[in-house]
Amino acid sequence: MRLLKVATCNLNQWAMDFDCNLKHIKDSITRAKEVGAVIRLGPELEITGYGCEDHFLELDTVNHAWECLKEILLGDWTDGILCSIGMPIIRGSERYNCQVLCFNRKIVMIRPKMWLANDGNYRELRWFTTWKQKDQLVEFQLPPEISEALSQTSVPFGYGYIQFLDTAVAAEICEELFTPNPPHTELALNGVEVFLNASGSHHQLRKLDLRLRAFIGATHTRGGVYMYSNHQGCDGARLYYDGCSCVVVNGEVVAQGSQFSLKDVEVVVAQVDLDAVASLRGSISSFQEQASCKTKVSSVAVPYNICKPFNLKMLLSSPQKIMYHSPEEEIAFGPGCWLWDYLRRSGASGFLLPLSGGADSSSVAAIVGCMCQLVVKEIANRDEQVKADAIRIGNYADGKFPTDSKEFAKRIFYTVYMGSENSSEATKTRAKVLADEIGSWHLDVCIDGVVSSLLSLFQTVTGKRPRYKVDGGSNVENLGLQNIQARIRMVLAFMLASLLPWVHNKKGFYLVLGSSNVDEALRGYLTKYDCSAADINPIGSISKQDLRTFLWWAANHLGYSSLAEIEAAPPTAELEPIRSNYSQLDEVDMGMTYEELSVYGRLRKIFRCGPVSMFKNLCYKWGATLTPSEVADKVKHFFKYYSINRHKMTVLTPSYHAESYSPEDNRFDLRQFLYNARWPYQFRKMDELVQEMNGDRVAFKETGEDGGTAAGGGGMGVVAAASGNPKAGF
């Protein structure tokens with residue numbers, strides 16, 4: 001047996017906070033050494049933090065990273081342990097995203113990333129270049145101050161692996177695993193047994209399975225020990241990095257870290273037998289044949305044994321069942337942890353939420369309540385950092401600290417129901433009951449006086465007073481009156497957030513939480529600068545359908561039973577007067593259901609469909625119940641209002657990223673915001689297709705023959721391929 005103990009980790013780094021990041025790196029190495037690990041893997045760009053973005057273009061960022069690495073190497077941190085540490089490095093005039101492999105106070109090798117993440121939320125090609133010289137390692141001259149401190153002038157730089165006396169180890173950085181021809185394939189044929197994947201991977205609902213399947217697939221047919229390390233937490237922007245560092249051996253997970261946690265450092269350890277890797281490879285004839293004619297990869301020799309012989313006291317890590325959270329748990333824990341990081345790092349004293357008693361704001365309230373529960377639980381588990389942060393934010397004194405989530409919520413969470421003459425008693429009651437269940441400090445405010453004052457001012461200026469549509473007013477008047485209420489609520493929310501700390505003799509300020517969901521953003525069903533305008537929004541990239549299932553889950557698992565009643569109530573903005581024959585409903589206002597919005601959103605973003613392609617695909621999906629003309633009308637209606645309201649995305653509140661069809665304009669869904677909302681060319685093409693399809697239907701009725709297009713033709717493959725299952729792909 002060749003026994004090897006390895007350690008990977010989740011680190012809660014903060015972009016550009018070098019003190020914080022260095023502390024976490026040192027802590028993780030110390031913990032790894034304490035349990036006898038001889039390999040320690042950290043996440044991608046861990047010294048600087050992954051989310052530095054254009055700060056990577058500053059020489060200071062690279063220089064500070066070298067200074068932190070020097071501090072690690074001058075201490076005893078790397079004695080007897082191979083440490084893979086992520087940082088940016090400049091070679092000549094090129095900047096690379098690198099893993100620096102250190103051992104016994106020396107840099108053994110620098111491995112630059114060869115394939116950069118450059119889609120969705122990622123823009124690595126903006127800051128880094130890819131390493132293209134795969135055929136050799138080159139010598140990299142260390143910066144003078146580093147060279148002098150380490151008594152080391154140069155180091156091998158490029159694509160290769162480290163050859164110890166008893167095994168071979170190589171890095172494969174994040175995106176490289178997911179390329180069509182990943183490096184681990186070639187490296188395995190060259191005898192590499194341990195793969196180190198440093199990553200900066202963000203949370204997205206239902207995404208973890210894809211990631212884990214990639215690790216399992218990398219070693220299932222070619223053998224190997226695959227170590228994965230990830231950031232965990234909010235490092236300063238919209239993304240939450242969801243940890244789940246793990247170790248996979250020959251296609252089986254033997255160690256797995258948490259996906260969501262308030263811990264700053266979590267070390268995941270596994271004891272593995274490398275002879276099991278050699279045995280599997282030796283049993284696969286095709287592996288032997290391909291290894292015999294492999295392309296040689298460069299290596300760096302390190303004359304040192306890192307494995308231990310057979311020892312009954314050293315227990316091997318056994319395969320374990322993979323831990324997956326349900327989508328409802330992901331919605332509770334992911335945004336909850338993200339909010340905690342934002343709160344403790346922003347200097348704020350708490351959160352303020354306009355709580356309407358509807359599904360969206362109630363979901364946000366439940367997430368904050370979940371956050372409070374997580375804080376109290378982590379303090380009970382003796383996490384001193386969480387305890388210190390909670391004492392500071394909650395303004396505790398005399399050695400006291402949070403022991404009850406409702407008591408803690410009363411100190412840091414403020415909810416306000418801003419009712420008007422159009423609000424119902426039902427939503428007012430629901431808001432109050434939920435606030436009591438969570439423990440928030442709750443206010444009930446009537447905004448009618450402010451609305452009336454503004455309307456009187458408008459009447460003085462113009463000589464006219466607008467009326468609601470139900471009272472005989474026009475659509476313009478009706479919309480204007482709704483917008484006044486919505487915007488007053490935003491102004492009042494920010495006023496309360498800035499002044500309530502003064503009222504309560506507290507330092508700092510409150511962060512205003514938004515509560516618009518991804519479907520409303522996609523359709524533009526929100527008022528620009530209303531309560532959707534806030535400091536941050538934990539549900540801005542979550543669909544209405546997912547939020548409703550979350551409310552049921554939270555009612556049963558978080559102890560907020562009133563959420564069941566809130567979920568059952570029809571969604572309404574309550575901005576128009578309630579009459580015996582009229583009650584405002586969201587889906588009626590929008591002209592489409594939330595379920596339809598999710599379908600439109602996925603086709604537009606995930607399947608990259610324009611109006612014509614969307615029409616063709618939906619003819620397959622909805623053709624059994626709708627005529628082509630009806631499908632065309634629905635698609636036109638969606639694109640009309642999507643394009644009219646796209647400008648609202650330019651000021652969308654920074655939101656937790658959780659959904660793959662988010663229309664967030666800042667960096668994920670980059671499109672124009674001034675459209676010809678009539679889409680004349682595209683809509684004309686749709687009309688022509690409708691006429692053609694109607695003609696085919698007439699011919700079919702007359703002849704009894706099918707005159708339609710073959711499945712998969714005419715650019716309709718996305719849905720046609722999945723037409724046997726009406727939900728497939730959507």
# chains A, B, ... in the order shown; residues from 1 in each chain; ligands from 1
$ select_by_dssp --residues "stretch 167-287 of chain A" --states "alpha helix (DSSP H)" --output "PDB file with all heavy atoms, in the first residue's frame"
ATOM      1  N   PRO A 183      -7.106  18.456 -19.357  1.00  0.00           N
ATOM      2  CA  PRO A 183      -5.716  18.028 -19.143  1.00  0.00           C
ATOM      3  C   PRO A 183      -5.576  16.716 -18.387  1.00  0.00           C
ATOM      4  O   PRO A 183      -4.606  15.980 -18.604  1.00  0.00           O
ATOM      5  CB  PRO A 183      -5.121  19.192 -18.332  1.00  0.00           C
ATOM      6  CG  PRO A 183      -5.957  20.381 -18.679  1.00  0.00           C
ATOM      7  CD  PRO A 183      -7.335  19.838 -18.887  1.00  0.00           C
ATOM      8  N   HIS A 184      -6.519  16.406 -17.468  1.00  0.00           N
ATOM      9  CA  HIS A 184      -6.325  15.202 -16.655  1.00  0.00           C
ATOM     10  C   HIS A 184      -6.276  13.931 -17.494  1.00  0.00           C
ATOM     11  O   HIS A 184      -5.684  12.927 -17.080  1.00  0.00           O
ATOM     12  CB  HIS A 184      -7.415  15.092 -15.575  1.00  0.00           C
ATOM     13  CG  HIS A 184      -8.790  14.815 -16.108  1.00  0.00           C
ATOM     14  ND1 HIS A 184      -9.768  15.780 -16.193  1.00  0.00           N
ATOM     15  CD2 HIS A 184      -9.364  13.675 -16.573  1.00  0.00           C
ATOM     16  CE1 HIS A 184     -10.875  15.247 -16.686  1.00  0.00           C
ATOM     17  NE2 HIS A 184     -10.656  13.976 -16.929  1.00  0.00           N
ATOM     18  N   THR A 185      -6.870  13.942 -18.684  1.00  0.00           N
ATOM     19  CA  THR A 185      -6.825  12.760 -19.552  1.00  0.00           C
ATOM     20  C   THR A 185      -5.387  12.437 -19.943  1.00  0.00           C
ATOM     21  O   THR A 185      -4.915  11.305 -19.793  1.00  0.00           O
ATOM     22  CB  THR A 185      -7.677  13.003 -20.814  1.00  0.00           C
ATOM     23  OG1 THR A 185      -9.013  13.314 -20.433  1.00  0.00           O
ATOM     24  CG2 THR A 185      -7.663  11.784 -21.718  1.00  0.00           C
ATOM     25  N   GLU A 186      -4.692  13.447 -20.436  1.00  0.00           N
ATOM     26  CA  GLU A 186      -3.296  13.282 -20.850  1.00  0.00           C
ATOM     27  C   GLU A 186      -2.379  13.053 -19.658  1.00  0.00           C
ATOM     28  O   GLU A 186      -1.453  12.246 -19.702  1.00  0.00           O
ATOM     29  CB  GLU A 186      -2.868  14.528 -21.625  1.00  0.00           C
ATOM     30  CG  GLU A 186      -1.485  14.475 -22.229  1.00  0.00           C
ATOM     31  CD  GLU A 186      -1.193  15.727 -23.042  1.00  0.00           C
ATOM     32  OE1 GLU A 186      -1.358  16.840 -22.500  1.00  0.00           O
ATOM     33  OE2 GLU A 186      -0.806  15.580 -24.207  1.00  0.00           O
ATOM     34  N   LEU A 187      -2.637  13.763 -18.574  1.00  0.00           N
ATOM     35  CA  LEU A 187      -1.802  13.630 -17.381  1.00  0.00           C
ATOM     36  C   LEU A 187      -1.906  12.236 -16.777  1.00  0.00           C
ATOM     37  O   LEU A 187      -0.912  11.675 -16.294  1.00  0.00           O
ATOM     38  CB  LEU A 187      -2.200  14.684 -16.349  1.00  0.00           C
ATOM     39  CG  LEU A 187      -1.859  16.129 -16.714  1.00  0.00           C
ATOM     40  CD1 LEU A 187      -2.591  17.107 -15.795  1.00  0.00           C
ATOM     41  CD2 LEU A 187      -0.347  16.360 -16.637  1.00  0.00           C
ATOM     42  N   ALA A 188      -3.109  11.658 -16.792  1.00  0.00           N
ATOM     43  CA  ALA A 188      -3.279  10.299 -16.264  1.00  0.00           C
ATOM     44  C   ALA A 188      -2.448   9.300 -17.057  1.00  0.00           C
ATOM     45  O   ALA A 188      -1.820   8.397 -16.484  1.00  0.00           O
ATOM     46  CB  ALA A 188      -4.757   9.912 -16.298  1.00  0.00           C
ATOM     47  N   LEU A 189      -2.415   9.448 -18.378  1.00  0.00           N
ATOM     48  CA  LEU A 189      -1.614   8.550 -19.212  1.00  0.00           C
ATOM     49  C   LEU A 189      -0.124   8.714 -18.943  1.00  0.00           C
ATOM     50  O   LEU A 189       0.666   7.795 -19.187  1.00  0.00           O
ATOM     51  CB  LEU A 189      -1.910   8.810 -20.691  1.00  0.00           C
ATOM     52  CG  LEU A 189      -3.342   8.506 -21.153  1.00  0.00           C
ATOM     53  CD1 LEU A 189      -3.533   8.932 -22.601  1.00  0.00           C
ATOM     54  CD2 LEU A 189      -3.668   7.022 -20.973  1.00  0.00           C
ATOM     55  N   LEU A 208     -24.995  21.657  -8.474  1.00  0.00           N
ATOM     56  CA  LEU A 208     -23.945  20.876  -7.815  1.00  0.00           C
ATOM     57  C   LEU A 208     -23.760  19.507  -8.449  1.00  0.00           C
ATOM     58  O   LEU A 208     -22.632  19.020  -8.574  1.00  0.00           O
ATOM     59  CB  LEU A 208     -24.258  20.731  -6.324  1.00  0.00           C
ATOM     60  CG  LEU A 208     -23.225  19.966  -5.496  1.00  0.00           C
ATOM     61  CD1 LEU A 208     -21.864  20.656  -5.559  1.00  0.00           C
ATOM     62  CD2 LEU A 208     -23.682  19.839  -4.046  1.00  0.00           C
ATOM     63  N   ASP A 209     -24.847  18.886  -8.867  1.00  0.00           N
ATOM     64  CA  ASP A 209     -24.757  17.550  -9.456  1.00  0.00           C
ATOM     65  C   ASP A 209     -23.876  17.546 -10.700  1.00  0.00           C
ATOM     66  O   ASP A 209     -23.093  16.611 -10.921  1.00  0.00           O
ATOM     67  CB  ASP A 209     -26.160  17.035  -9.794  1.00  0.00           C
ATOM     68  CG  ASP A 209     -26.128  15.654 -10.416  1.00  0.00           C
ATOM     69  OD1 ASP A 209     -25.578  14.738  -9.782  1.00  0.00           O
ATOM     70  OD2 ASP A 209     -26.646  15.483 -11.532  1.00  0.00           O
ATOM     71  N   LEU A 210     -23.979  18.598 -11.516  1.00  0.00           N
ATOM     72  CA  LEU A 210     -23.151  18.677 -12.730  1.00  0.00           C
ATOM     73  C   LEU A 210     -21.671  18.712 -12.374  1.00  0.00           C
ATOM     74  O   LEU A 210     -20.839  18.082 -13.023  1.00  0.00           O
ATOM     75  CB  LEU A 210     -23.534  19.920 -13.539  1.00  0.00           C
ATOM     76  CG  LEU A 210     -24.974  20.003 -14.051  1.00  0.00           C
ATOM     77  CD1 LEU A 210     -25.213  21.339 -14.739  1.00  0.00           C
ATOM     78  CD2 LEU A 210     -25.241  18.862 -15.027  1.00  0.00           C
ATOM     79  N   ARG A 211     -21.350  19.452 -11.337  1.00  0.00           N
ATOM     80  CA  ARG A 211     -19.964  19.589 -10.903  1.00  0.00           C
ATOM     81  C   ARG A 211     -19.413  18.252 -10.393  1.00  0.00           C
ATOM     82  O   ARG A 211     -18.323  17.816 -10.782  1.00  0.00           O
ATOM     83  CB  ARG A 211     -19.892  20.653  -9.814  1.00  0.00           C
ATOM     84  CG  ARG A 211     -18.521  21.209  -9.550  1.00  0.00           C
ATOM     85  CD  ARG A 211     -18.538  22.121  -8.343  1.00  0.00           C
ATOM     86  NE  ARG A 211     -19.484  23.223  -8.466  1.00  0.00           N
ATOM     87  CZ  ARG A 211     -19.908  23.959  -7.455  1.00  0.00           C
ATOM     88  NH1 ARG A 211     -19.500  23.694  -6.223  1.00  0.00           N
ATOM     89  NH2 ARG A 211     -20.743  24.949  -7.650  1.00  0.00           N
ATOM     90  N   LEU A 212     -20.175  17.611  -9.527  1.00  0.00           N
ATOM     91  CA  LEU A 212     -19.702  16.359  -8.933  1.00  0.00           C
ATOM     92  C   LEU A 212     -19.592  15.251  -9.970  1.00  0.00           C
ATOM     93  O   LEU A 212     -18.688  14.414  -9.907  1.00  0.00           O
ATOM     94  CB  LEU A 212     -20.621  15.943  -7.789  1.00  0.00           C
ATOM     95  CG  LEU A 212     -20.422  16.737  -6.500  1.00  0.00           C
ATOM     96  CD1 LEU A 212     -21.535  16.472  -5.507  1.00  0.00           C
ATOM     97  CD2 LEU A 212     -19.076  16.409  -5.874  1.00  0.00           C
ATOM     98  N   ARG A 213     -20.508  15.246 -10.923  1.00  0.00           N
ATOM     99  CA  ARG A 213     -20.409  14.238 -11.984  1.00  0.00           C
ATOM    100  C   ARG A 213     -19.132  14.404 -12.793  1.00  0.00           C
ATOM    101  O   ARG A 213     -18.562  13.416 -13.281  1.00  0.00           O
ATOM    102  CB  ARG A 213     -21.632  14.332 -12.902  1.00  0.00           C
ATOM    103  CG  ARG A 213     -22.818  13.504 -12.412  1.00  0.00           C
ATOM    104  CD  ARG A 213     -23.895  13.416 -13.461  1.00  0.00           C
ATOM    105  NE  ARG A 213     -24.686  14.633 -13.543  1.00  0.00           N
ATOM    106  CZ  ARG A 213     -25.418  14.973 -14.593  1.00  0.00           C
ATOM    107  NH1 ARG A 213     -25.433  14.219 -15.670  1.00  0.00           N
ATOM    108  NH2 ARG A 213     -26.128  16.085 -14.585  1.00  0.00           N
ATOM    109  N   ALA A 214     -18.660  15.643 -12.935  1.00  0.00           N
ATOM    110  CA  ALA A 214     -17.407  15.877 -13.662  1.00  0.00           C
ATOM    111  C   ALA A 214     -16.217  15.295 -12.893  1.00  0.00           C
ATOM    112  O   ALA A 214     -15.310  14.685 -13.487  1.00  0.00           O
ATOM    113  CB  ALA A 214     -17.209  17.371 -13.889  1.00  0.00           C
ATOM    114  N   PHE A 215     -16.198  15.467 -11.555  1.00  0.00           N
ATOM    115  CA  PHE A 215     -15.100  14.902 -10.758  1.00  0.00           C
ATOM    116  C   PHE A 215     -15.126  13.375 -10.817  1.00  0.00           C
ATOM    117  O   PHE A 215     -14.082  12.721 -10.946  1.00  0.00           O
ATOM    118  CB  PHE A 215     -15.212  15.333  -9.288  1.00  0.00           C
ATOM    119  CG  PHE A 215     -15.352  16.803  -9.069  1.00  0.00           C
ATOM    120  CD1 PHE A 215     -16.100  17.293  -8.009  1.00  0.00           C
ATOM    121  CD2 PHE A 215     -14.749  17.715  -9.917  1.00  0.00           C
ATOM    122  CE1 PHE A 215     -16.246  18.646  -7.796  1.00  0.00           C
ATOM    123  CE2 PHE A 215     -14.891  19.076  -9.726  1.00  0.00           C
ATOM    124  CZ  PHE A 215     -15.641  19.541  -8.661  1.00  0.00           C
ATOM    125  N   ILE A 216     -16.325  12.825 -10.701  1.00  0.00           N
ATOM    126  CA  ILE A 216     -16.463  11.365 -10.725  1.00  0.00           C
ATOM    127  C   ILE A 216     -16.045  10.811 -12.083  1.00  0.00           C
ATOM    128  O   ILE A 216     -15.307   9.830 -12.174  1.00  0.00           O
ATOM    129  CB  ILE A 216     -17.922  10.978 -10.394  1.00  0.00           C
ATOM    130  CG1 ILE A 216     -18.225  11.315  -8.927  1.00  0.00           C
ATOM    131  CG2 ILE A 216     -18.182   9.507 -10.673  1.00  0.00           C
ATOM    132  CD1 ILE A 216     -19.695  11.233  -8.563  1.00  0.00           C
ATOM    133  N   GLY A 217     -16.492  11.483 -13.156  1.00  0.00           N
ATOM    134  CA  GLY A 217     -16.137  11.030 -14.499  1.00  0.00           C
ATOM    135  C   GLY A 217     -14.656  11.118 -14.792  1.00  0.00           C
ATOM    136  O   GLY A 217     -14.110  10.316 -15.556  1.00  0.00           O
ATOM    137  N   ALA A 218     -13.982  12.093 -14.164  1.00  0.00           N
ATOM    138  CA  ALA A 218     -12.549  12.274 -14.425  1.00  0.00           C
ATOM    139  C   ALA A 218     -11.720  11.088 -13.950  1.00  0.00           C
ATOM    140  O   ALA A 218     -10.628  10.828 -14.484  1.00  0.00           O
ATOM    141  CB  ALA A 218     -12.057  13.548 -13.740  1.00  0.00           C
ATOM    142  N   THR A 219     -12.211  10.354 -12.941  1.00  0.00           N
ATOM    143  CA  THR A 219     -11.420   9.255 -12.374  1.00  0.00           C
ATOM    144  C   THR A 219     -12.097   7.891 -12.488  1.00  0.00           C
ATOM    145  O   THR A 219     -11.507   6.882 -12.108  1.00  0.00           O
ATOM    146  CB  THR A 219     -11.126   9.525 -10.883  1.00  0.00           C
ATOM    147  OG1 THR A 219     -12.370   9.629 -10.162  1.00  0.00           O
ATOM    148  CG2 THR A 219     -10.347  10.816 -10.709  1.00  0.00           C
ATOM    149  N   HIS A 220     -13.313   7.853 -12.992  1.00  0.00           N
ATOM    150  CA  HIS A 220     -14.044   6.589 -13.034  1.00  0.00           C
ATOM    151  C   HIS A 220     -13.429   5.600 -14.015  1.00  0.00           C
ATOM    152  O   HIS A 220     -13.302   4.405 -13.720  1.00  0.00           O
ATOM    153  CB  HIS A 220     -15.504   6.849 -13.407  1.00  0.00           C
ATOM    154  CG  HIS A 220     -16.339   5.611 -13.501  1.00  0.00           C
ATOM    155  ND1 HIS A 220     -16.684   4.876 -12.389  1.00  0.00           N
ATOM    156  CD2 HIS A 220     -16.896   4.963 -14.567  1.00  0.00           C
ATOM    157  CE1 HIS A 220     -17.404   3.826 -12.761  1.00  0.00           C
ATOM    158  NE2 HIS A 220     -17.551   3.864 -14.078  1.00  0.00           N
ATOM    159  N   LEU A 274      -2.952   4.862  -2.922  1.00  0.00           N
ATOM    160  CA  LEU A 274      -2.621   5.082  -4.328  1.00  0.00           C
ATOM    161  C   LEU A 274      -2.448   3.778  -5.094  1.00  0.00           C
ATOM    162  O   LEU A 274      -2.535   3.764  -6.329  1.00  0.00           O
ATOM    163  CB  LEU A 274      -1.357   5.938  -4.449  1.00  0.00           C
ATOM    164  CG  LEU A 274      -1.495   7.393  -3.957  1.00  0.00           C
ATOM    165  CD1 LEU A 274      -0.197   8.161  -4.189  1.00  0.00           C
ATOM    166  CD2 LEU A 274      -2.645   8.094  -4.667  1.00  0.00           C
ATOM    167  N   ASP A 275      -2.214   2.676  -4.387  1.00  0.00           N
ATOM    168  CA  ASP A 275      -2.137   1.386  -5.084  1.00  0.00           C
ATOM    169  C   ASP A 275      -3.477   1.009  -5.699  1.00  0.00           C
ATOM    170  O   ASP A 275      -3.532   0.278  -6.694  1.00  0.00           O
ATOM    171  CB  ASP A 275      -1.683   0.289  -4.114  1.00  0.00           C
ATOM    172  CG  ASP A 275      -0.172   0.269  -3.938  1.00  0.00           C
ATOM    173  OD1 ASP A 275       0.503   1.061  -4.636  1.00  0.00           O
ATOM    174  OD2 ASP A 275       0.326  -0.513  -3.110  1.00  0.00           O
ATOM    175  N   ALA A 276      -4.580   1.519  -5.120  1.00  0.00           N
ATOM    176  CA  ALA A 276      -5.897   1.273  -5.708  1.00  0.00           C
ATOM    177  C   ALA A 276      -6.013   1.946  -7.071  1.00  0.00           C
ATOM    178  O   ALA A 276      -6.664   1.427  -7.985  1.00  0.00           O
ATOM    179  CB  ALA A 276      -6.990   1.778  -4.771  1.00  0.00           C
ATOM    180  N   VAL A 277      -5.367   3.103  -7.216  1.00  0.00           N
ATOM    181  CA  VAL A 277      -5.343   3.797  -8.506  1.00  0.00           C
ATOM    182  C   VAL A 277      -4.538   2.988  -9.521  1.00  0.00           C
ATOM    183  O   VAL A 277      -4.981   2.748 -10.653  1.00  0.00           O
ATOM    184  CB  VAL A 277      -4.748   5.208  -8.355  1.00  0.00           C
ATOM    185  CG1 VAL A 277      -4.621   5.886  -9.713  1.00  0.00           C
ATOM    186  CG2 VAL A 277      -5.600   6.052  -7.407  1.00  0.00           C
ATOM    187  N   ALA A 278      -3.338   2.560  -9.108  1.00  0.00           N
ATOM    188  CA  ALA A 278      -2.481   1.773 -10.003  1.00  0.00           C
ATOM    189  C   ALA A 278      -3.159   0.462 -10.399  1.00  0.00           C
ATOM    190  O   ALA A 278      -3.069   0.021 -11.553  1.00  0.00           O
ATOM    191  CB  ALA A 278      -1.147   1.496  -9.323  1.00  0.00           C
ATOM    192  N   SER A 279      -3.863  -0.153  -9.447  1.00  0.00           N
ATOM    193  CA  SER A 279      -4.534  -1.420  -9.733  1.00  0.00           C
ATOM    194  C   SER A 279      -5.635  -1.245 -10.769  1.00  0.00           C
ATOM    195  O   SER A 279      -5.770  -2.050 -11.697  1.00  0.00           O
ATOM    196  CB  SER A 279      -5.116  -1.982  -8.434  1.00  0.00           C
ATOM    197  OG  SER A 279      -5.854  -3.157  -8.688  1.00  0.00           O
ATOM    198  N   LEU A 280      -6.448  -0.172 -10.622  1.00  0.00           N
ATOM    199  CA  LEU A 280      -7.520   0.071 -11.587  1.00  0.00           C
ATOM    200  C   LEU A 280      -6.951   0.325 -12.975  1.00  0.00           C
ATOM    201  O   LEU A 280      -7.437  -0.236 -13.966  1.00  0.00           O
ATOM    202  CB  LEU A 280      -8.362   1.264 -11.135  1.00  0.00           C
ATOM    203  CG  LEU A 280      -9.468   1.700 -12.106  1.00  0.00           C
ATOM    204  CD1 LEU A 280     -10.480   0.584 -12.324  1.00  0.00           C
ATOM    205  CD2 LEU A 280     -10.171   2.958 -11.604  1.00  0.00           C
ATOM    206  N   ARG A 281      -5.939   1.147 -13.055  1.00  0.00           N
ATOM    207  CA  ARG A 281      -5.351   1.450 -14.367  1.00  0.00           C
ATOM    208  C   ARG A 281      -4.747   0.208 -15.008  1.00  0.00           C
ATOM    209  O   ARG A 281      -4.837   0.009 -16.225  1.00  0.00           O
ATOM    210  CB  ARG A 281      -4.292   2.546 -14.212  1.00  0.00           C
ATOM    211  CG  ARG A 281      -4.874   3.904 -13.882  1.00  0.00           C
ATOM    212  CD  ARG A 281      -3.808   4.959 -13.656  1.00  0.00           C
ATOM    213  NE  ARG A 281      -4.418   6.280 -13.460  1.00  0.00           N
ATOM    214  CZ  ARG A 281      -3.731   7.387 -13.209  1.00  0.00           C
ATOM    215  NH1 ARG A 281      -2.395   7.336 -13.114  1.00  0.00           N
ATOM    216  NH2 ARG A 281      -4.369   8.532 -13.046  1.00  0.00           N
ATOM    217  N   GLY A 282      -4.140  -0.623 -14.192  1.00  0.00           N
ATOM    218  CA  GLY A 282      -3.533  -1.837 -14.736  1.00  0.00           C
ATOM    219  C   GLY A 282      -4.545  -2.849 -15.227  1.00  0.00           C
ATOM    220  O   GLY A 282      -4.206  -3.746 -16.015  1.00  0.00           O
ATOM    221  N   SER A 285      -7.315  -2.526 -20.254  1.00  0.00           N
ATOM    222  CA  SER A 285      -6.415  -2.760 -21.389  1.00  0.00           C
ATOM    223  C   SER A 285      -6.250  -1.517 -22.252  1.00  0.00           C
ATOM    224  O   SER A 285      -5.140  -1.171 -22.664  1.00  0.00           O
ATOM    225  CB  SER A 285      -6.953  -3.918 -22.238  1.00  0.00           C
ATOM    226  OG  SER A 285      -6.155  -4.103 -23.391  1.00  0.00           O
ATOM    227  N   SER A 286      -7.356  -0.806 -22.521  1.00  0.00           N
ATOM    228  CA  SER A 286      -7.272   0.370 -23.386  1.00  0.00           C
ATOM    229  C   SER A 286      -6.423   1.467 -22.745  1.00  0.00           C
ATOM    230  O   SER A 286      -5.721   2.210 -23.455  1.00  0.00           O
ATOM    231  CB  SER A 286      -8.679   0.901 -23.686  1.00  0.00           C
ATOM    232  OG  SER A 286      -9.358   1.233 -22.485  1.00  0.00           O
ATOM    233  N   PHE A 287      -6.485   1.572 -21.416  1.00  0.00           N
ATOM    234  CA  PHE A 287      -5.638   2.558 -20.734  1.00  0.00           C
ATOM    235  C   PHE A 287      -4.166   2.208 -20.935  1.00  0.00           C
ATOM    236  O   PHE A 287      -3.341   3.083 -21.226  1.00  0.00           O
ATOM    237  CB  PHE A 287      -5.976   2.598 -19.236  1.00  0.00           C
ATOM    238  CG  PHE A 287      -5.247   3.679 -18.477  1.00  0.00           C
ATOM    239  CD1 PHE A 287      -5.834   4.920 -18.274  1.00  0.00           C
ATOM    240  CD2 PHE A 287      -3.962   3.465 -17.978  1.00  0.00           C
ATOM    241  CE1 PHE A 287      -5.159   5.925 -17.590  1.00  0.00           C
ATOM    242  CE2 PHE A 287      -3.279   4.468 -17.300  1.00  0.00           C
ATOM    243  CZ  PHE A 287      -3.887   5.702 -17.104  1.00  0.00           C
TER     244      PHE A 287
END
$ residues_around --residues "A:Lys113" --least-positions-apart "3" --cutoff "7 Å" --atoms "only C-alpha atoms" --output "compact mmCIF listing (two decimals) with C-alpha atoms, in the first residue's frame"
# COMPACT_ATOMS: atom_id res chain seq x y z
CA TYR A 96 -1.68 34.63 -15.79
CA ASN A 97 -4.09 32.99 -13.37
CA CYS A 98 -1.77 30.56 -11.58
CA LEU A 116 -10.08 30.47 -18.95
CA THR A 130 -4.15 31.58 -21.52
CA TRP A 131 -0.91 29.57 -21.34
CA ILE A 173 -7.53 24.59 -12.68
$ closest_residue --among "A:Lys294, A:Arg489, A:Lys400, A:Arg238" --to "A:Phe668" --atoms "only C-alpha atoms"
A:Arg238
$ residues_around --residues "stretch 190-196 of chain A" --least-positions-apart "2" --cutoff "10 Å" --atoms "only C-alpha atoms" --output "ChimeraX atom specification"
/A:4,6,8,39-43,84,99,160-163,167-174,183-188,198-199,218-219,222-229,247-249,274-275,277-278,281,290-299
$ closest_residue --among "A:Pro466, A:Gly75, A:Gly336, A:Gly623" --to "A:Cys234" --atoms "only C-alpha atoms"
A:Gly336
$ closest_residue --among "A:Tyr529, A:Phe260, A:Phe683, A:Tyr468" --to "A:Val635" --atoms "only C-alpha atoms"
A:Phe683
$ residues_around --residues "stretch 496-509 of chain A" --least-positions-apart "5" --cutoff "8 Å" --atoms "only C-alpha atoms" --output "compact mmCIF listing (two decimals) with N, CA and C atoms, in the first residue's frame"
# COMPACT_ATOMS: atom_id res chain seq x y z
N GLY A 347 -20.37 46.76 7.44
CA GLY A 347 -20.41 47.72 8.53
C GLY A 347 -21.81 48.12 8.93
N ALA A 348 -22.84 47.48 8.32
CA ALA A 348 -24.23 47.80 8.63
C ALA A 348 -24.63 47.24 10.00
N SER A 349 -25.70 47.80 10.54
CA SER A 349 -26.21 47.36 11.85
C SER A 349 -27.37 46.38 11.72
N GLY A 350 -27.85 46.18 10.51
CA GLY A 350 -28.97 45.27 10.32
C GLY A 350 -29.61 45.45 8.96
N PHE A 351 -30.75 44.79 8.77
CA PHE A 351 -31.50 44.84 7.52
C PHE A 351 -32.85 45.51 7.75
N LEU A 352 -33.34 46.21 6.73
CA LEU A 352 -34.70 46.72 6.73
C LEU A 352 -35.41 46.22 5.48
N ASN A 395 -25.05 44.49 18.83
CA ASN A 395 -24.84 45.47 19.90
C ASN A 395 -25.04 44.85 21.29
